[in-house]
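Structure file protein33.txt (compact mmCIF, C-alpha atoms) is printed below.
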```txt
# COMPACT_ATOMS: atom_id res chain seq x y z
CA MET J 1 151.07 99.44 130.27
CA SER J 2 147.63 100.63 129.19
CA ALA J 3 146.94 101.46 125.56
CA LEU J 4 147.95 105.01 124.73
CA PRO J 5 145.65 107.28 122.70
CA GLU J 6 146.30 107.96 119.05
CA VAL J 7 148.15 111.16 118.27
CA ARG J 8 145.46 113.82 117.97
CA ARG J 9 147.47 116.18 115.74
CA PRO J 10 149.64 114.14 113.36
CA ASP J 11 150.43 117.36 111.46
CA LYS J 12 152.49 118.45 114.49
CA GLU J 13 154.47 115.23 114.94
CA MET J 14 158.25 115.47 114.90
CA GLY J 15 160.36 112.61 113.64
CA GLU J 16 162.62 110.57 115.88
CA GLN J 17 165.81 112.26 114.65
CA ALA J 18 164.43 115.75 115.43
CA ALA J 19 163.19 114.51 118.83
CA HIS J 20 166.64 113.16 119.67
CA ALA J 21 168.19 116.47 118.59
CA LEU J 22 165.88 118.37 120.96
CA LEU J 23 166.74 115.97 123.78
CA ALA J 24 170.43 116.56 123.10
CA ARG J 25 170.23 120.37 123.14
CA GLY J 26 167.41 120.97 125.64
CA PHE J 27 168.32 122.89 128.76
CA SER J 28 166.14 121.27 131.41
CA GLY J 29 163.31 118.81 131.66
CA ALA J 30 160.45 117.88 133.94
CA LEU J 31 160.35 114.40 135.47
CA ALA J 32 156.87 113.16 136.40
CA SER J 33 156.52 110.32 138.89
CA VAL J 34 153.60 108.91 140.87
CA ASP J 35 153.50 107.86 144.51
CA ALA J 36 152.00 104.65 145.90
CA GLU J 37 148.56 106.31 146.21
CA GLY J 38 148.61 107.63 142.64
CA GLN J 39 149.48 111.26 143.45
CA PRO J 40 151.61 112.75 140.64
CA TYR J 41 154.76 114.76 141.33
CA VAL J 42 156.85 116.77 138.86
CA THR J 43 160.50 117.66 139.39
CA PRO J 44 162.42 120.09 137.13
CA LEU J 45 165.91 118.73 136.49
CA LEU J 46 169.03 119.25 134.44
CA TYR J 47 169.69 116.12 132.39
CA ILE J 48 171.87 114.28 129.92
CA TRP J 49 170.64 112.46 126.83
CA ASP J 50 173.16 109.80 125.80
CA GLY J 51 171.37 108.76 122.62
CA ALA J 52 169.53 105.90 124.32
CA GLN J 53 168.59 106.95 127.86
CA VAL J 54 167.83 110.11 129.78
CA TRP J 55 170.04 110.58 132.86
CA VAL J 56 169.16 112.83 135.80
CA HIS J 57 170.33 113.31 139.35
CA ASN J 58 169.08 114.51 142.70
CA THR J 59 170.08 114.26 146.32
CA ALA J 60 170.76 110.83 147.81
CA ALA J 61 168.52 111.74 150.75
CA ARG J 62 165.23 109.91 150.52
CA GLY J 63 162.68 112.55 149.54
CA HIS J 64 159.51 112.76 147.51
CA LEU J 65 161.10 111.76 144.19
CA ARG J 66 162.98 108.76 145.58
CA ALA J 67 159.91 107.50 147.46
CA ASN J 68 157.85 107.72 144.27
CA ILE J 69 160.45 105.86 142.22
CA GLU J 70 160.69 103.13 144.83
CA ALA J 71 156.89 102.75 144.72
CA ASN J 72 156.54 102.91 140.93
CA ASP J 73 159.37 102.95 138.39
CA ARG J 74 157.19 104.22 135.53
CA VAL J 75 157.91 107.86 134.76
CA CYS J 76 157.41 110.52 132.15
CA PHE J 77 160.07 113.08 131.21
CA GLU J 78 159.35 116.21 129.16
CA VAL J 79 161.62 118.73 127.41
CA ASP J 80 160.40 121.74 125.46
CA GLU J 81 161.64 124.84 123.68
CA ALA J 82 159.30 127.78 123.22
CA GLY J 83 159.65 130.09 120.27
CA ALA J 84 157.88 133.28 119.25
CA VAL J 85 154.22 134.00 119.93
CA PHE J 86 152.37 134.85 116.70
CA PRO J 87 148.88 135.83 115.52
CA TYR J 88 147.14 133.61 112.99
CA GLY J 89 143.67 135.20 112.95
CA ARG J 90 141.71 138.36 113.58
CA PHE J 91 140.74 137.71 117.23
CA GLU J 92 143.04 137.71 120.28
CA CYS J 93 142.31 134.01 120.86
CA ASP J 94 143.75 133.28 117.40
CA THR J 95 147.28 133.39 118.79
CA ALA J 96 149.77 130.54 119.01
CA VAL J 97 153.36 129.88 120.02
CA ALA J 98 156.07 128.24 117.96
CA TYR J 99 157.52 125.34 119.95
CA GLU J 100 159.06 121.89 120.01
CA SER J 101 158.49 119.32 122.75
CA VAL J 102 159.46 115.75 123.51
CA VAL J 103 157.76 113.46 126.00
CA VAL J 104 159.51 110.27 127.06
CA PHE J 105 157.57 107.46 128.71
CA GLY J 106 159.67 104.82 130.40
CA ARG J 107 161.08 103.18 133.47
CA ILE J 108 163.61 104.75 135.79
CA ARG J 109 166.32 103.02 137.78
CA VAL J 110 168.82 104.11 140.38
CA VAL J 111 172.39 103.99 139.06
CA ALA J 112 174.57 102.64 141.88
CA ASP J 113 177.80 102.10 139.94
CA ARG J 114 180.33 104.76 140.97
CA ALA J 115 182.00 104.84 137.54
CA ALA J 116 178.63 105.43 135.84
CA LYS J 117 177.82 108.21 138.32
CA GLN J 118 181.23 109.76 137.62
CA ALA J 119 180.63 109.54 133.85
CA PHE J 120 177.22 111.20 134.30
CA CYS J 121 178.74 114.08 136.30
CA GLU J 122 181.46 114.56 133.68
CA ALA J 123 178.84 114.67 130.90
CA LEU J 124 176.78 117.10 132.96
CA MET J 125 179.76 119.45 133.26
CA VAL J 126 180.46 119.21 129.52
CA LYS J 127 176.86 120.26 128.86
CA TYR J 128 176.38 122.86 131.62
CA GLY J 129 179.71 123.78 133.20
CA PRO J 130 181.65 126.91 132.33
CA ALA J 131 184.76 125.90 130.44
CA ASP J 132 186.90 128.92 131.24
CA LEU J 133 187.43 128.30 134.96
CA ASP J 134 190.72 127.02 136.29
CA ARG J 135 189.41 124.02 138.26
CA PRO J 136 190.50 120.40 138.21
CA ALA J 137 188.29 118.45 135.79
CA GLY J 138 186.68 115.16 136.73
CA VAL J 139 186.81 115.69 140.50
CA PHE J 140 183.47 114.96 142.18
CA PRO J 141 184.07 114.38 145.90
CA ARG J 142 180.34 114.24 146.73
CA LEU J 143 179.28 111.33 144.48
CA ALA J 144 177.97 109.48 147.53
CA GLN J 145 175.65 112.41 148.27
CA ILE J 146 173.76 112.23 144.96
CA SER J 147 171.49 109.72 143.33
CA VAL J 148 171.83 109.27 139.60
CA TYR J 149 168.90 107.87 137.65
CA ALA J 150 168.64 106.47 134.13
CA ILE J 151 165.35 106.41 132.23
CA THR J 152 164.94 103.62 129.71
CA ILE J 153 162.49 104.69 127.02
CA ASP J 154 159.39 102.64 126.30
CA ARG J 155 157.77 105.29 124.09
CA LEU J 156 158.70 108.75 122.85
CA THR J 157 156.41 111.38 121.36
CA ALA J 158 157.44 114.72 119.91
CA LYS J 159 155.51 117.68 118.52
CA ARG J 160 156.26 121.04 116.98
CA THR J 161 154.59 124.15 115.71
CA PRO J 162 157.05 126.00 113.50
CA LEU J 163 156.98 129.78 113.29
CA PRO J 164 155.08 130.64 110.11
CA THR J 165 156.53 133.17 107.70
CA ALA J 166 155.10 136.69 107.86
CA ALA J 167 153.03 135.87 104.76
CA GLU J 168 151.39 132.99 106.67
CA GLN J 169 150.55 135.09 109.75
CA TRP J 170 147.70 137.49 110.33
CA PRO J 171 147.00 140.04 108.88
CA ALA J 172 148.60 138.76 105.67
CA LEU J 173 146.67 135.50 106.02
CA ASP J 174 143.54 135.08 108.14
CA ARG J 175 143.33 131.57 109.63
CA THR J 176 140.77 132.52 112.30
CA GLY J 177 139.57 129.40 114.14
CA THR J 178 135.95 130.57 114.00
CA PRO J 179 135.60 132.15 110.54
CA ASP J 180 131.93 133.14 111.02
CA ALA J 181 132.57 134.97 114.30
CA ARG J 182 132.04 138.72 114.42
CA ALA J 183 133.43 141.28 116.85
CA PRO J 184 130.73 142.91 119.04
```

Represent the supplied structure as C-alpha cells.
Amino acid sequence: MSALPEVRRPDKEMGEQAAHALLARGFSGALASVDAEGQPYVTPLLYIWDGAQVWVHNTAARGHLRANIEANDRVCFEVDEAGAVFPYGRFECDTAVAYESVVVFGRIRVVADRAAKQAFCEALMVKYGPADLDRPAGVFPRLAQISVYAITIDRLTAKRTPLPTAAEQWPALDRTGTPDARAP
C-alpha cells in the first residue's frame, strides 16, 4: 500500500474508542471499490460492526460491486453523522457543520460460510429490524441469494467537529476565516 498523507487537521482527530462507537451506532455507510481499470465505485449499504471487522451484504448476482472486489480487494468504507449547521464568523462562508466521520481502509472478502452469513443476518436484524412484529426469528430462506462481505481493517481514521456552545458561535465570538475582509 502506498504511503498515506499525514492528518491535515489533528485538532479534529477522534480517538479509536470514539471511532468504534460511531461504527457501532452508525446507520449506513458507503463502500468504495475500484474496478480493474481504476474506475471508483461507491455503494451505500447497511452494515454491522462486530468490534473488529465491518460486515456488509448485497445480491449474490455478479454486478458492479462484485466485479470490482474480484479485481481488487482493497476498499474504503465511510460512516458519518451530521449535526447542526452553525455560524462561526460574520460572512456567510464562515459557516460549518458539527459532524463525526470514520473512514476504514482495508481488504474485503466474500464470506461463503453459511453459518457466518446466518450470524450476519441475525445481527443485521438486531440492529435494523423492528422488534414488535410477530415473525419467526432467525429464519433467512434466501441466504443463497445474498453475498456477505467482511472488511478487515488495515487503517482507520476518524474526525469530528463538535457543536460549539452559543458563546463560541457568531455573533458572540467572531472567528471569521478572513479577519481583514470587508463587506462591499

Q.
Residues near Pro10 of chain J, anyone? I mean within 12 Å using only C-alpha atoms, not counting same-chain ones fewer than 6 positions away, as JSON, numbers by chain.
A. {"J": [157, 158, 159, 160, 161]}

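Among the candidates J:Leu46, J:Ile108, J:Ala52, J:Ala150, the one nearest to Gly129 of chain J when counting all atoms listed in the file is J:Leu46.
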
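Considering only C-alpha atoms, the residue among J:Gly15, J:Leu22, J:Gln118, J:Glu78 positioned nearest to Phe105 of chain J is J:Glu78.
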
Q. How many Å lie between atom CA of Gln39 of chain J and atom CA of Gly106 of chain J, rounded to one decimal?
A. 17.8 Å

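Nearest residue to Arg114 of chain J, choosing from J:Ala98, J:Ala18, J:Leu45, J:Ile146 and counting only C-alpha atoms: J:Ile146.
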
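Relative to atom CA of Ile151 of chain J, atom CA of Glu6 of chain J is found at 23.2 Å.
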
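Take atom CA of Trp55 of chain J and atom CA of Lys12 of chain J: the distance between them is 26.6 Å.
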
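Residues in contact with Lys117 of chain J at 12 Å, where all atoms listed in the file are counted and same-chain residues fewer than 6 positions away are skipped, are listed as Ile48, Trp55, Val56, His57, Asn58, Val110, Val111, Ala123, Leu124, Gly138, Val139, Phe140, Pro141, Arg142, Leu143, Ala144, Gln145, Ile146, Ser147, Val148, Tyr149 and Ala150 of chain J.
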
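Considering the residues J:Tyr41, J:Tyr88, J:Val102, J:Asp35 and counting only C-alpha atoms, Glu70 of chain J has its shortest atom-to-atom contact with J:Asp35.
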
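Distances from J:Ala131, J:Val34, J:Leu163, J:Ala116 to Ala67 of chain J were compared using only C-alpha atoms, and the smallest one belongs to J:Val34.
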
Q | Pick from J:Arg175, J:Arg62, J:Arg135, J:Arg9, whichever lies nearest to Thr95 of chain J using only C-alpha atoms | A | J:Arg175

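With all atoms listed in the file taken into account, the protein and nucleic acid residues at most 10 Å from Phe86 of chain J (excluding it and anything under 5 positions from it in its own chain) are Asp94, Thr95, Ala96, Val97, Ala98, Leu163, Pro164, Ala166, Gln169 and Trp170 of chain J.
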